[in-house]
>>> print(open('structure36.pdb').read())   # PDB, C-alpha atoms
ATOM      1  CA  MET N 174     -93.571  -0.450  26.836  1.00  0.00           C
ATOM      2  CA  ALA N 175     -95.988   2.341  27.768  1.00  0.00           C
ATOM      3  CA  VAL N 176     -97.788   3.978  24.878  1.00  0.00           C
ATOM      4  CA  SER N 177     -98.525   7.712  25.125  1.00  0.00           C
ATOM      5  CA  ASN N 178    -101.835   9.129  23.930  1.00  0.00           C
ATOM      6  CA  GLU N 179    -100.234  12.522  23.283  1.00  0.00           C
ATOM      7  CA  PRO N 180    -100.333  13.383  19.558  1.00  0.00           C
ATOM      8  CA  ILE N 181     -96.998  13.101  17.788  1.00  0.00           C
ATOM      9  CA  PRO N 182     -95.480  16.611  17.629  1.00  0.00           C
ATOM     10  CA  PHE N 183     -93.626  18.118  14.736  1.00  0.00           C
ATOM     11  CA  ASP N 184     -89.842  18.196  14.982  1.00  0.00           C
ATOM     12  CA  VAL N 185     -89.375  20.980  17.521  1.00  0.00           C
ATOM     13  CA  ALA N 186     -85.584  20.739  17.313  1.00  0.00           C
ATOM     14  CA  ARG N 187     -85.682  21.610  13.592  1.00  0.00           C
ATOM     15  CA  VAL N 188     -87.607  24.800  14.167  1.00  0.00           C
ATOM     16  CA  ARG N 189     -85.944  25.889  17.402  1.00  0.00           C
ATOM     17  CA  GLY N 190     -85.294  29.602  17.250  1.00  0.00           C
ATOM     18  CA  ARG N 191     -87.579  30.210  14.244  1.00  0.00           C
ATOM     19  CA  SER N 192     -90.981  31.861  14.202  1.00  0.00           C
ATOM     20  CA  ILE N 193     -94.017  29.852  13.106  1.00  0.00           C
ATOM     21  CA  ARG N 194     -94.074  31.942   9.919  1.00  0.00           C
ATOM     22  CA  GLU N 195     -90.585  30.701   9.062  1.00  0.00           C
ATOM     23  CA  THR N 196     -91.524  27.073   9.697  1.00  0.00           C
ATOM     24  CA  PRO N 197     -92.431  24.845   6.717  1.00  0.00           C
ATOM     25  CA  ALA N 198     -96.171  24.970   6.088  1.00  0.00           C
ATOM     26  CA  ALA N 199     -96.699  21.281   6.889  1.00  0.00           C
ATOM     27  CA  GLU N 200     -95.210  21.808  10.356  1.00  0.00           C
ATOM     28  CA  ARG N 201     -97.134  24.930  11.341  1.00  0.00           C
ATOM     29  CA  PRO N 202     -99.765  24.431  14.074  1.00  0.00           C
ATOM     30  CA  ARG N 203    -102.533  26.157  12.103  1.00  0.00           C
ATOM     31  CA  GLU N 204    -101.968  23.992   9.052  1.00  0.00           C
ATOM     32  CA  ARG N 205    -101.704  20.896  11.248  1.00  0.00           C
ATOM     33  CA  LEU N 206    -104.978  21.900  12.889  1.00  0.00           C
ATOM     34  CA  GLU N 207    -106.701  22.000   9.509  1.00  0.00           C
ATOM     35  CA  LEU N 208    -105.159  18.671   8.547  1.00  0.00           C
ATOM     36  CA  ARG N 209    -105.529  16.719  11.799  1.00  0.00           C
ATOM     37  CA  GLY N 210    -108.146  18.608  13.810  1.00  0.00           C
ATOM     38  CA  ALA N 211    -107.593  20.025  17.291  1.00  0.00           C
ATOM     39  CA  ALA N 212    -107.339  16.559  18.843  1.00  0.00           C
ATOM     40  CA  GLY N 213    -104.345  15.817  16.627  1.00  0.00           C
ATOM     41  CA  LEU N 214    -102.222  18.630  18.062  1.00  0.00           C
ATOM     42  CA  THR N 215    -100.022  18.520  21.128  1.00  0.00           C
ATOM     43  CA  ALA N 216    -100.700  20.746  24.124  1.00  0.00           C
ATOM     44  CA  ALA N 217     -97.721  22.914  23.142  1.00  0.00           C
ATOM     45  CA  GLU N 218     -99.104  23.376  19.630  1.00  0.00           C
ATOM     46  CA  LEU N 219    -102.569  24.300  20.936  1.00  0.00           C
ATOM     47  CA  ILE N 220    -101.095  26.880  23.302  1.00  0.00           C
ATOM     48  CA  GLY N 221     -98.874  28.134  20.486  1.00  0.00           C
ATOM     49  CA  LEU N 222    -101.976  28.702  18.367  1.00  0.00           C
ATOM     50  CA  LEU N 223    -103.560  30.597  21.236  1.00  0.00           C
ATOM     51  CA  TRP N 224    -100.538  32.867  21.626  1.00  0.00           C
ATOM     52  CA  GLY N 225    -100.060  33.290  17.891  1.00  0.00           C
ATOM     53  CA  SER N 226     -96.512  34.592  17.984  1.00  0.00           C
ATOM     54  CA  GLY N 227     -93.281  33.845  19.768  1.00  0.00           C
ATOM     55  CA  ALA N 228     -90.640  36.073  21.308  1.00  0.00           C
ATOM     56  CA  ARG N 229     -86.900  36.624  21.130  1.00  0.00           C
ATOM     57  CA  GLY N 230     -86.354  34.403  18.118  1.00  0.00           C
ATOM     58  CA  ARG N 231     -88.427  31.540  19.547  1.00  0.00           C
ATOM     59  CA  SER N 232     -91.722  30.311  18.186  1.00  0.00           C
ATOM     60  CA  ALA N 233     -94.930  30.356  20.224  1.00  0.00           C
ATOM     61  CA  VAL N 234     -94.767  26.550  20.341  1.00  0.00           C
ATOM     62  CA  ASP N 235     -91.242  26.718  21.804  1.00  0.00           C
ATOM     63  CA  LEU N 236     -92.458  29.054  24.540  1.00  0.00           C
ATOM     64  CA  ALA N 237     -95.434  26.801  25.234  1.00  0.00           C
ATOM     65  CA  ALA N 238     -93.195  23.735  25.496  1.00  0.00           C
ATOM     66  CA  ASP N 239     -90.978  25.580  27.977  1.00  0.00           C
ATOM     67  CA  ALA N 240     -94.003  26.597  30.069  1.00  0.00           C
ATOM     68  CA  LEU N 241     -95.374  23.043  30.094  1.00  0.00           C
ATOM     69  CA  ALA N 242     -92.010  21.665  31.183  1.00  0.00           C
ATOM     70  CA  ARG N 243     -91.679  24.270  33.927  1.00  0.00           C
ATOM     71  CA  PHE N 244     -95.034  23.358  35.471  1.00  0.00           C
ATOM     72  CA  ASP N 245     -94.844  19.588  34.870  1.00  0.00           C
ATOM     73  CA  GLY N 246     -97.527  19.429  32.214  1.00  0.00           C
ATOM     74  CA  LEU N 247    -100.904  20.864  31.362  1.00  0.00           C
ATOM     75  CA  THR N 248    -102.489  20.304  34.792  1.00  0.00           C
ATOM     76  CA  GLY N 249     -99.716  22.177  36.557  1.00  0.00           C
ATOM     77  CA  LEU N 250     -99.861  24.949  33.982  1.00  0.00           C
ATOM     78  CA  ALA N 251    -103.612  25.350  34.537  1.00  0.00           C
ATOM     79  CA  ARG N 252    -103.024  25.802  38.268  1.00  0.00           C
ATOM     80  CA  ALA N 253    -100.259  28.384  37.905  1.00  0.00           C
ATOM     81  CA  THR N 254    -100.939  31.944  38.998  1.00  0.00           C
ATOM     82  CA  GLY N 255    -100.591  34.883  36.650  1.00  0.00           C
ATOM     83  CA  GLN N 256     -97.409  35.935  38.431  1.00  0.00           C
ATOM     84  CA  GLU N 257     -95.917  32.468  38.022  1.00  0.00           C
ATOM     85  CA  LEU N 258     -96.786  32.394  34.329  1.00  0.00           C
ATOM     86  CA  GLU N 259     -95.295  35.824  33.719  1.00  0.00           C
ATOM     87  CA  ALA N 260     -92.025  34.616  35.237  1.00  0.00           C
ATOM     88  CA  VAL N 261     -91.522  32.112  32.406  1.00  0.00           C
ATOM     89  CA  PRO N 262     -89.026  33.657  29.952  1.00  0.00           C
ATOM     90  CA  GLY N 263     -90.824  34.998  26.895  1.00  0.00           C
ATOM     91  CA  VAL N 264     -94.354  34.641  28.294  1.00  0.00           C
ATOM     92  CA  GLY N 265     -95.032  37.993  29.925  1.00  0.00           C
ATOM     93  CA  ALA N 266     -98.282  39.537  31.111  1.00  0.00           C
ATOM     94  CA  ALA N 267    -100.264  39.380  27.846  1.00  0.00           C
ATOM     95  CA  ARG N 268     -99.617  35.683  27.133  1.00  0.00           C
ATOM     96  CA  ALA N 269    -100.194  34.811  30.795  1.00  0.00           C
ATOM     97  CA  ALA N 270    -103.582  36.550  30.660  1.00  0.00           C
ATOM     98  CA  GLN N 271    -104.524  34.740  27.447  1.00  0.00           C
ATOM     99  CA  LEU N 272    -103.652  31.405  28.991  1.00  0.00           C
ATOM    100  CA  GLN N 273    -105.567  32.092  32.206  1.00  0.00           C
ATOM    101  CA  ALA N 274    -108.617  33.161  30.187  1.00  0.00           C
ATOM    102  CA  ALA N 275    -108.490  29.957  28.121  1.00  0.00           C
ATOM    103  CA  PHE N 276    -108.263  27.742  31.196  1.00  0.00           C
ATOM    104  CA  GLU N 277    -111.114  29.623  32.878  1.00  0.00           C
ATOM    105  CA  LEU N 278    -113.339  29.103  29.826  1.00  0.00           C
ATOM    106  CA  GLY N 279    -112.570  25.390  30.039  1.00  0.00           C
ATOM    107  CA  ARG N 280    -113.506  25.322  33.722  1.00  0.00           C
ATOM    108  CA  ARG N 281    -116.793  27.087  33.053  1.00  0.00           C
ATOM    109  CA  LEU N 282    -117.627  24.756  30.206  1.00  0.00           C
ATOM    110  CA  LEU N 283    -116.948  21.785  32.471  1.00  0.00           C
ATOM    111  CA  ALA N 284    -119.290  23.216  35.082  1.00  0.00           C
ATOM    112  CA  ASP N 285    -122.094  23.994  32.626  1.00  0.00           C
ATOM    113  CA  TRP N 286    -122.060  20.785  30.603  1.00  0.00           C
ATOM    114  CA  PRO N 287    -124.613  19.284  30.424  1.00  0.00           C
ATOM    115  CA  ALA N 288    -126.649  21.191  33.016  1.00  0.00           C
ATOM    116  CA  GLY N 289    -129.938  19.409  32.376  1.00  0.00           C
ATOM    117  CA  ARG N 290    -128.451  15.902  32.658  1.00  0.00           C
ATOM    118  CA  TRP N 291    -126.128  16.368  35.619  1.00  0.00           C
ATOM    119  CA  SER N 292    -127.367  13.988  38.294  1.00  0.00           C
ATOM    120  CA  ILE N 293    -125.884  13.680  41.773  1.00  0.00           C
ATOM    121  CA  ARG N 294    -125.353  10.167  43.082  1.00  0.00           C
ATOM    122  CA  SER N 295    -122.460  10.814  45.458  1.00  0.00           C
ATOM    123  CA  PRO N 296    -120.254  13.648  46.761  1.00  0.00           C
ATOM    124  CA  ARG N 297    -117.729  12.732  44.067  1.00  0.00           C
ATOM    125  CA  ASP N 298    -120.202  13.826  41.373  1.00  0.00           C
ATOM    126  CA  VAL N 299    -120.174  17.324  42.851  1.00  0.00           C
ATOM    127  CA  ALA N 300    -116.436  17.375  43.497  1.00  0.00           C
ATOM    128  CA  ASP N 301    -115.570  16.302  39.959  1.00  0.00           C
ATOM    129  CA  ARG N 302    -117.269  19.438  38.683  1.00  0.00           C
ATOM    130  CA  LEU N 303    -116.296  22.015  41.274  1.00  0.00           C
ATOM    131  CA  VAL N 304    -112.835  21.132  42.616  1.00  0.00           C
ATOM    132  CA  LEU N 305    -111.250  22.280  39.364  1.00  0.00           C
ATOM    133  CA  GLN N 306    -113.174  25.559  39.489  1.00  0.00           C
ATOM    134  CA  MET N 307    -112.910  26.351  43.182  1.00  0.00           C
ATOM    135  CA  GLY N 308    -109.790  24.605  44.449  1.00  0.00           C
ATOM    136  CA  ARG N 309    -107.402  27.429  43.558  1.00  0.00           C
ATOM    137  CA  LEU N 310    -109.569  30.467  44.224  1.00  0.00           C
ATOM    138  CA  GLU N 311    -107.790  33.148  46.222  1.00  0.00           C
ATOM    139  CA  ARG N 312    -110.954  34.066  48.140  1.00  0.00           C
ATOM    140  CA  GLU N 313    -113.622  31.940  49.728  1.00  0.00           C
ATOM    141  CA  GLU N 314    -116.788  31.294  47.757  1.00  0.00           C
ATOM    142  CA  LEU N 315    -119.976  29.617  48.891  1.00  0.00           C
ATOM    143  CA  ARG N 316    -121.996  27.949  46.154  1.00  0.00           C
ATOM    144  CA  ILE N 317    -125.328  26.178  46.292  1.00  0.00           C
ATOM    145  CA  VAL N 318    -126.062  23.139  44.123  1.00  0.00           C
ATOM    146  CA  ILE N 319    -129.843  23.080  43.674  1.00  0.00           C
ATOM    147  CA  LEU N 320    -131.546  19.728  42.954  1.00  0.00           C
ATOM    148  CA  ASN N 321    -134.970  18.423  41.995  1.00  0.00           C
ATOM    149  CA  THR N 322    -136.648  15.325  43.428  1.00  0.00           C
ATOM    150  CA  LYS N 323    -134.538  13.055  41.162  1.00  0.00           C
ATOM    151  CA  ASN N 324    -131.270  14.692  42.276  1.00  0.00           C
ATOM    152  CA  VAL N 325    -130.827  16.371  38.891  1.00  0.00           C
ATOM    153  CA  VAL N 326    -129.031  19.705  39.151  1.00  0.00           C
ATOM    154  CA  LEU N 327    -131.265  22.670  38.382  1.00  0.00           C
ATOM    155  CA  ARG N 328    -128.691  25.366  39.027  1.00  0.00           C
ATOM    156  CA  VAL N 329    -125.378  26.117  40.711  1.00  0.00           C
ATOM    157  CA  ALA N 330    -125.489  29.549  42.322  1.00  0.00           C
ATOM    158  CA  THR N 331    -122.725  31.539  44.015  1.00  0.00           C
ATOM    159  CA  VAL N 332    -124.267  33.173  47.078  1.00  0.00           C
ATOM    160  CA  TYR N 333    -121.247  34.500  48.983  1.00  0.00           C
ATOM    161  CA  THR N 334    -117.734  35.632  48.151  1.00  0.00           C
ATOM    162  CA  GLY N 335    -115.281  36.609  50.846  1.00  0.00           C
ATOM    163  CA  ASN N 336    -115.308  35.477  54.445  1.00  0.00           C
ATOM    164  CA  ILE N 337    -117.655  32.479  54.661  1.00  0.00           C
ATOM    165  CA  SER N 338    -118.404  32.724  58.370  1.00  0.00           C
ATOM    166  CA  SER N 339    -121.570  31.380  59.938  1.00  0.00           C
ATOM    167  CA  SER N 340    -121.921  34.716  61.722  1.00  0.00           C
ATOM    168  CA  LEU N 341    -121.913  36.606  58.399  1.00  0.00           C
ATOM    169  CA  VAL N 342    -123.898  34.285  56.124  1.00  0.00           C
ATOM    170  CA  ARG N 343    -127.648  34.914  56.060  1.00  0.00           C
ATOM    171  CA  VAL N 344    -129.170  31.467  55.996  1.00  0.00           C
ATOM    172  CA  GLY N 345    -132.178  32.690  54.030  1.00  0.00           C
ATOM    173  CA  GLU N 346    -129.867  33.534  51.123  1.00  0.00           C
ATOM    174  CA  LEU N 347    -128.836  29.872  50.903  1.00  0.00           C
ATOM    175  CA  PHE N 348    -132.382  28.822  50.043  1.00  0.00           C
ATOM    176  CA  ARG N 349    -133.555  31.817  47.988  1.00  0.00           C
ATOM    177  CA  ASP N 350    -133.026  30.276  44.549  1.00  0.00           C
ATOM    178  CA  ALA N 351    -134.073  26.831  45.756  1.00  0.00           C
ATOM    179  CA  VAL N 352    -137.446  28.214  46.866  1.00  0.00           C
ATOM    180  CA  ARG N 353    -137.920  30.004  43.539  1.00  0.00           C
ATOM    181  CA  LEU N 354    -137.164  26.816  41.617  1.00  0.00           C
ATOM    182  CA  ASP N 355    -139.368  24.658  43.867  1.00  0.00           C
ATOM    183  CA  ALA N 356    -136.303  22.512  44.575  1.00  0.00           C
ATOM    184  CA  ALA N 357    -136.267  19.362  46.647  1.00  0.00           C
ATOM    185  CA  GLY N 358    -132.749  19.712  48.029  1.00  0.00           C
ATOM    186  CA  ILE N 359    -129.495  21.622  48.038  1.00  0.00           C
ATOM    187  CA  ILE N 360    -125.809  20.920  48.618  1.00  0.00           C
ATOM    188  CA  LEU N 361    -123.501  23.541  50.122  1.00  0.00           C
ATOM    189  CA  VAL N 362    -120.033  23.834  48.584  1.00  0.00           C
ATOM    190  CA  HIS N 363    -117.321  26.229  49.682  1.00  0.00           C
ATOM    191  CA  ASN N 364    -113.559  26.424  49.383  1.00  0.00           C
ATOM    192  CA  HIS N 365    -110.653  27.008  51.751  1.00  0.00           C
ATOM    193  CA  PRO N 366    -108.042  29.184  49.995  1.00  0.00           C
ATOM    194  CA  SER N 367    -105.408  27.724  52.336  1.00  0.00           C
ATOM    195  CA  GLY N 368    -105.744  24.471  50.393  1.00  0.00           C
ATOM    196  CA  ASP N 369    -106.666  22.416  53.481  1.00  0.00           C
ATOM    197  CA  PRO N 370    -110.248  21.121  53.146  1.00  0.00           C
ATOM    198  CA  THR N 371    -110.550  20.118  56.808  1.00  0.00           C
ATOM    199  CA  PRO N 372    -113.924  21.450  58.047  1.00  0.00           C
ATOM    200  CA  SER N 373    -113.709  24.165  60.680  1.00  0.00           C
ATOM    201  CA  PRO N 374    -116.059  24.592  63.672  1.00  0.00           C
ATOM    202  CA  ASP N 375    -117.602  27.485  61.727  1.00  0.00           C
ATOM    203  CA  ASP N 376    -118.298  25.132  58.802  1.00  0.00           C
ATOM    204  CA  LEU N 377    -120.101  22.738  61.125  1.00  0.00           C
ATOM    205  CA  HIS N 378    -122.105  25.563  62.683  1.00  0.00           C
ATOM    206  CA  LEU N 379    -123.199  26.838  59.260  1.00  0.00           C
ATOM    207  CA  THR N 380    -124.233  23.307  58.321  1.00  0.00           C
ATOM    208  CA  ALA N 381    -126.379  22.997  61.461  1.00  0.00           C
ATOM    209  CA  GLU N 382    -128.093  26.332  60.769  1.00  0.00           C
ATOM    210  CA  ALA N 383    -128.768  25.373  57.150  1.00  0.00           C
ATOM    211  CA  LEU N 384    -130.202  22.026  58.207  1.00  0.00           C
ATOM    212  CA  ALA N 385    -132.609  23.744  60.594  1.00  0.00           C
ATOM    213  CA  ALA N 386    -133.705  26.246  57.947  1.00  0.00           C
ATOM    214  CA  GLY N 387    -134.142  23.512  55.358  1.00  0.00           C
ATOM    215  CA  ARG N 388    -136.491  21.596  57.650  1.00  0.00           C
ATOM    216  CA  LEU N 389    -138.690  24.688  58.007  1.00  0.00           C
ATOM    217  CA  LEU N 390    -138.752  25.206  54.232  1.00  0.00           C
ATOM    218  CA  ASP N 391    -139.171  21.502  53.418  1.00  0.00           C
ATOM    219  CA  ILE N 392    -135.963  21.586  51.352  1.00  0.00           C
ATOM    220  CA  ASP N 393    -133.375  18.978  52.270  1.00  0.00           C
ATOM    221  CA  LEU N 394    -129.749  19.904  52.861  1.00  0.00           C
ATOM    222  CA  LEU N 395    -128.089  16.802  51.423  1.00  0.00           C
ATOM    223  CA  ASP N 396    -124.413  17.550  52.063  1.00  0.00           C
ATOM    224  CA  HIS N 397    -121.787  20.221  52.635  1.00  0.00           C
ATOM    225  CA  LEU N 398    -118.521  19.914  50.693  1.00  0.00           C
ATOM    226  CA  VAL N 399    -115.374  21.785  51.668  1.00  0.00           C
ATOM    227  CA  ILE N 400    -112.889  22.123  48.808  1.00  0.00           C
ATOM    228  CA  GLY N 401    -109.135  22.570  49.058  1.00  0.00           C
ATOM    229  CA  HIS N 402    -106.303  22.333  46.561  1.00  0.00           C
ATOM    230  CA  ASP N 403    -107.141  19.232  44.493  1.00  0.00           C
ATOM    231  CA  ALA N 404    -109.048  17.690  47.415  1.00  0.00           C
ATOM    232  CA  TYR N 405    -112.386  17.898  49.156  1.00  0.00           C
ATOM    233  CA  VAL N 406    -114.186  16.751  52.289  1.00  0.00           C
ATOM    234  CA  SER N 407    -117.836  15.703  52.381  1.00  0.00           C
ATOM    235  CA  LEU N 408    -119.377  16.316  55.798  1.00  0.00           C
ATOM    236  CA  ARG N 409    -121.855  13.524  55.095  1.00  0.00           C
ATOM    237  CA  ASP N 410    -118.965  11.132  54.483  1.00  0.00           C
ATOM    238  CA  ARG N 411    -117.335  12.416  57.674  1.00  0.00           C
ATOM    239  CA  GLY N 412    -120.331  11.241  59.676  1.00  0.00           C
ATOM    240  CA  VAL N 413    -122.450  14.372  59.985  1.00  0.00           C
ATOM    241  CA  SER N 414    -126.122  13.381  60.003  1.00  0.00           C
ATOM    242  CA  PHE N 415    -128.245  15.120  57.370  1.00  0.00           C
ATOM    243  CA  ASP N 416    -131.530  13.464  58.307  1.00  0.00           C
ATOM    244  CA  ARG N 417    -134.566  15.439  59.419  1.00  0.00           C
ATOM    245  CA  VAL N 418    -134.099  14.569  63.100  1.00  0.00           C
ATOM    246  CA  GLY N 419    -131.289  17.060  63.393  1.00  0.00           C
ATOM    247  CA  PRO N 420    -127.554  17.497  62.836  1.00  0.00           C
ATOM    248  CA  HIS N 421    -125.116  15.334  64.689  1.00  0.00           C
ATOM    249  CA  HIS N 422    -121.356  15.236  64.427  1.00  0.00           C
ATOM    250  CA  PRO N 423    -119.531  12.225  65.833  1.00  0.00           C
ATOM    251  CA  ALA N 424    -117.123  12.805  68.658  1.00  0.00           C
ATOM    252  CA  ALA N 425    -113.521  13.265  67.559  1.00  0.00           C
TER     253      ALA N 425
END
>>> encode(input="structure36.pdb", output="structure tokens")
Amino acid sequence: MAVSNEPIPFDVARVRGRSIRETPAAERPRERLELRGAAGLTAAELIGLLWGSGARGRSAVDLAADALARFDGLTGLARATGQELEAVPGVGAARAAQLQAAFELGRRLLADWPAGRWSIRSPRDVADRLVLQMGRLEREELRIVILNTKNVVLRVATVYTGNISSSLVRVGELFRDAVRLDAAGIILVHNHPSGDPTPSPDDLHLTAEALAAGRLLDIDLLDHLVIGHDAYVSLRDRGVSFDRVGPHHPAA
């Protein structure tokens, strides 16, 4: 029998249709938070605490449980758009905005922690941090992961937002912060809002230009990751050469 790690919830059926204020003190999320700590609450209870109040005779926890069920759990809820969240009965624009803000704070915390000890050993180390942040962006973003000689991340900088075309990107901008930080290498990361991470000819052309510029500046371009919805492609893993001889892409 499978054992769930989800904390045991209070009896939702007993409080269905009642506000949190009308619920017995021992079953209220805030009191349970004080008693058990945040880790002891269910996702619905945590969201209920965030929202604070329910709607139409339903508690905030009831509404949260409905939203979680509608989007197949917390991961699906985090990926939902504001419009999709507002469509859940009882949620509305204000609660949708609160939820989106909370998820965005979580994404930023994931990206920032711990900046000084984030070492890159493989493309997966980059993807684990940035797919969650960038995979569902509605516009393209180009970010630069800046590394020292030990492949420890010094900074992640967003250098372009909008149309990431090799004809529009100024290659010098890609290395500006790396030069200031006396970096040893960089990794390009950008997203495809379509959700398909397959590299385009433009992506390959931008990679070739960045490789050439990096050789002149003595800063290695180590990889270029293209991020889609919950997926990514590493051009290094795809066979693009990132050595100092020059870029090479294998024949299709």
>>> axis_aligned_box(input="structure36.pdb", around="region 413-417 of chain N", padding_each_side="8 Å", output="JSON")
{"center_x": -128.5, "center_y": 14.4, "center_z": 58.7, "size_x": 28.1, "size_y": 18.1, "size_z": 18.6}
>>> closest_residue(input="structure36.pdb", among="N:Tyr405, N:Trp291, N:Phe415, N:Tyr333", to="Thr371 (chain N)", atoms="all atoms listed in the file")
N:Tyr405
>>> resolve_selection(input="structure36.pdb", expression="the PyMOL selection byres ((chain N and resi 375-379) around 12)", output="ChimeraX atom specification")
/N:315,336-345,347,361-365,370-374,380-386,394,396-400,406-409,411-415,420-423
>>> residues_near_point(input="structure36.pdb", point="(-126.6, 12.3, 38.3)", cutoff="8 Å", atoms="only C-alpha atoms", output="list in words")
Arg290, Trp291, Ser292, Ile293, Arg294, Asp298, Asn324, Val325 and Val326 of chain N
>>> closest_residue(input="structure36.pdb", among="N:Leu236, N:Ile319, N:Pro366, N:Gly335", to="Asp393 (chain N)", atoms="all atoms listed in the file")
N:Ile319
>>> closest_residue(input="structure36.pdb", among="N:Leu390, N:Val264, N:Ala404, N:Leu310", to="Arg297 (chain N)", atoms="all atoms listed in the file")
N:Ala404
>>> resolve_selection(input="structure36.pdb", expression="the PyMOL selection byres ((chain N and resi 354) around 10)", output="number ranges by chain")
N: 319-321, 327-328, 348-353, 355-357
>>> write_last_selection(input="structure36.pdb", atoms="C-alpha atoms", output="PDB file, in the coordinates of the input")
ATOM      1  CA  ILE N 319    -129.843  23.080  43.674  1.00  0.00           C
ATOM      2  CA  LEU N 320    -131.546  19.728  42.954  1.00  0.00           C
ATOM      3  CA  ASN N 321    -134.970  18.423  41.995  1.00  0.00           C
ATOM      4  CA  LEU N 327    -131.265  22.670  38.382  1.00  0.00           C
ATOM      5  CA  ARG N 328    -128.691  25.366  39.027  1.00  0.00           C
ATOM      6  CA  PHE N 348    -132.382  28.822  50.043  1.00  0.00           C
ATOM      7  CA  ARG N 349    -133.555  31.817  47.988  1.00  0.00           C
ATOM      8  CA  ASP N 350    -133.026  30.276  44.549  1.00  0.00           C
ATOM      9  CA  ALA N 351    -134.073  26.831  45.756  1.00  0.00           C
ATOM     10  CA  VAL N 352    -137.446  28.214  46.866  1.00  0.00           C
ATOM     11  CA  ARG N 353    -137.920  30.004  43.539  1.00  0.00           C
ATOM     12  CA  ASP N 355    -139.368  24.658  43.867  1.00  0.00           C
ATOM     13  CA  ALA N 356    -136.303  22.512  44.575  1.00  0.00           C
ATOM     14  CA  ALA N 357    -136.267  19.362  46.647  1.00  0.00           C
TER      15      ALA N 357
END
>>> resolve_selection(input="structure36.pdb", expression="the PyMOL selection byres ((chain N and resi 277) around 12)", output="ChimeraX atom specification")
/N:251-252,270-276,278-284,305-307,309-310
>>> atom_distance(input="structure36.pdb", atom1="CA of Thr334 (chain N)", atom2="CA of Asp416 (chain N)")
28.0 Å
>>> closest_residue(input="structure36.pdb", among="N:Ala233, N:Asp391, N:Asp403, N:Leu222", to="Gly308 (chain N)", atoms="all atoms listed in the file")
N:Asp403
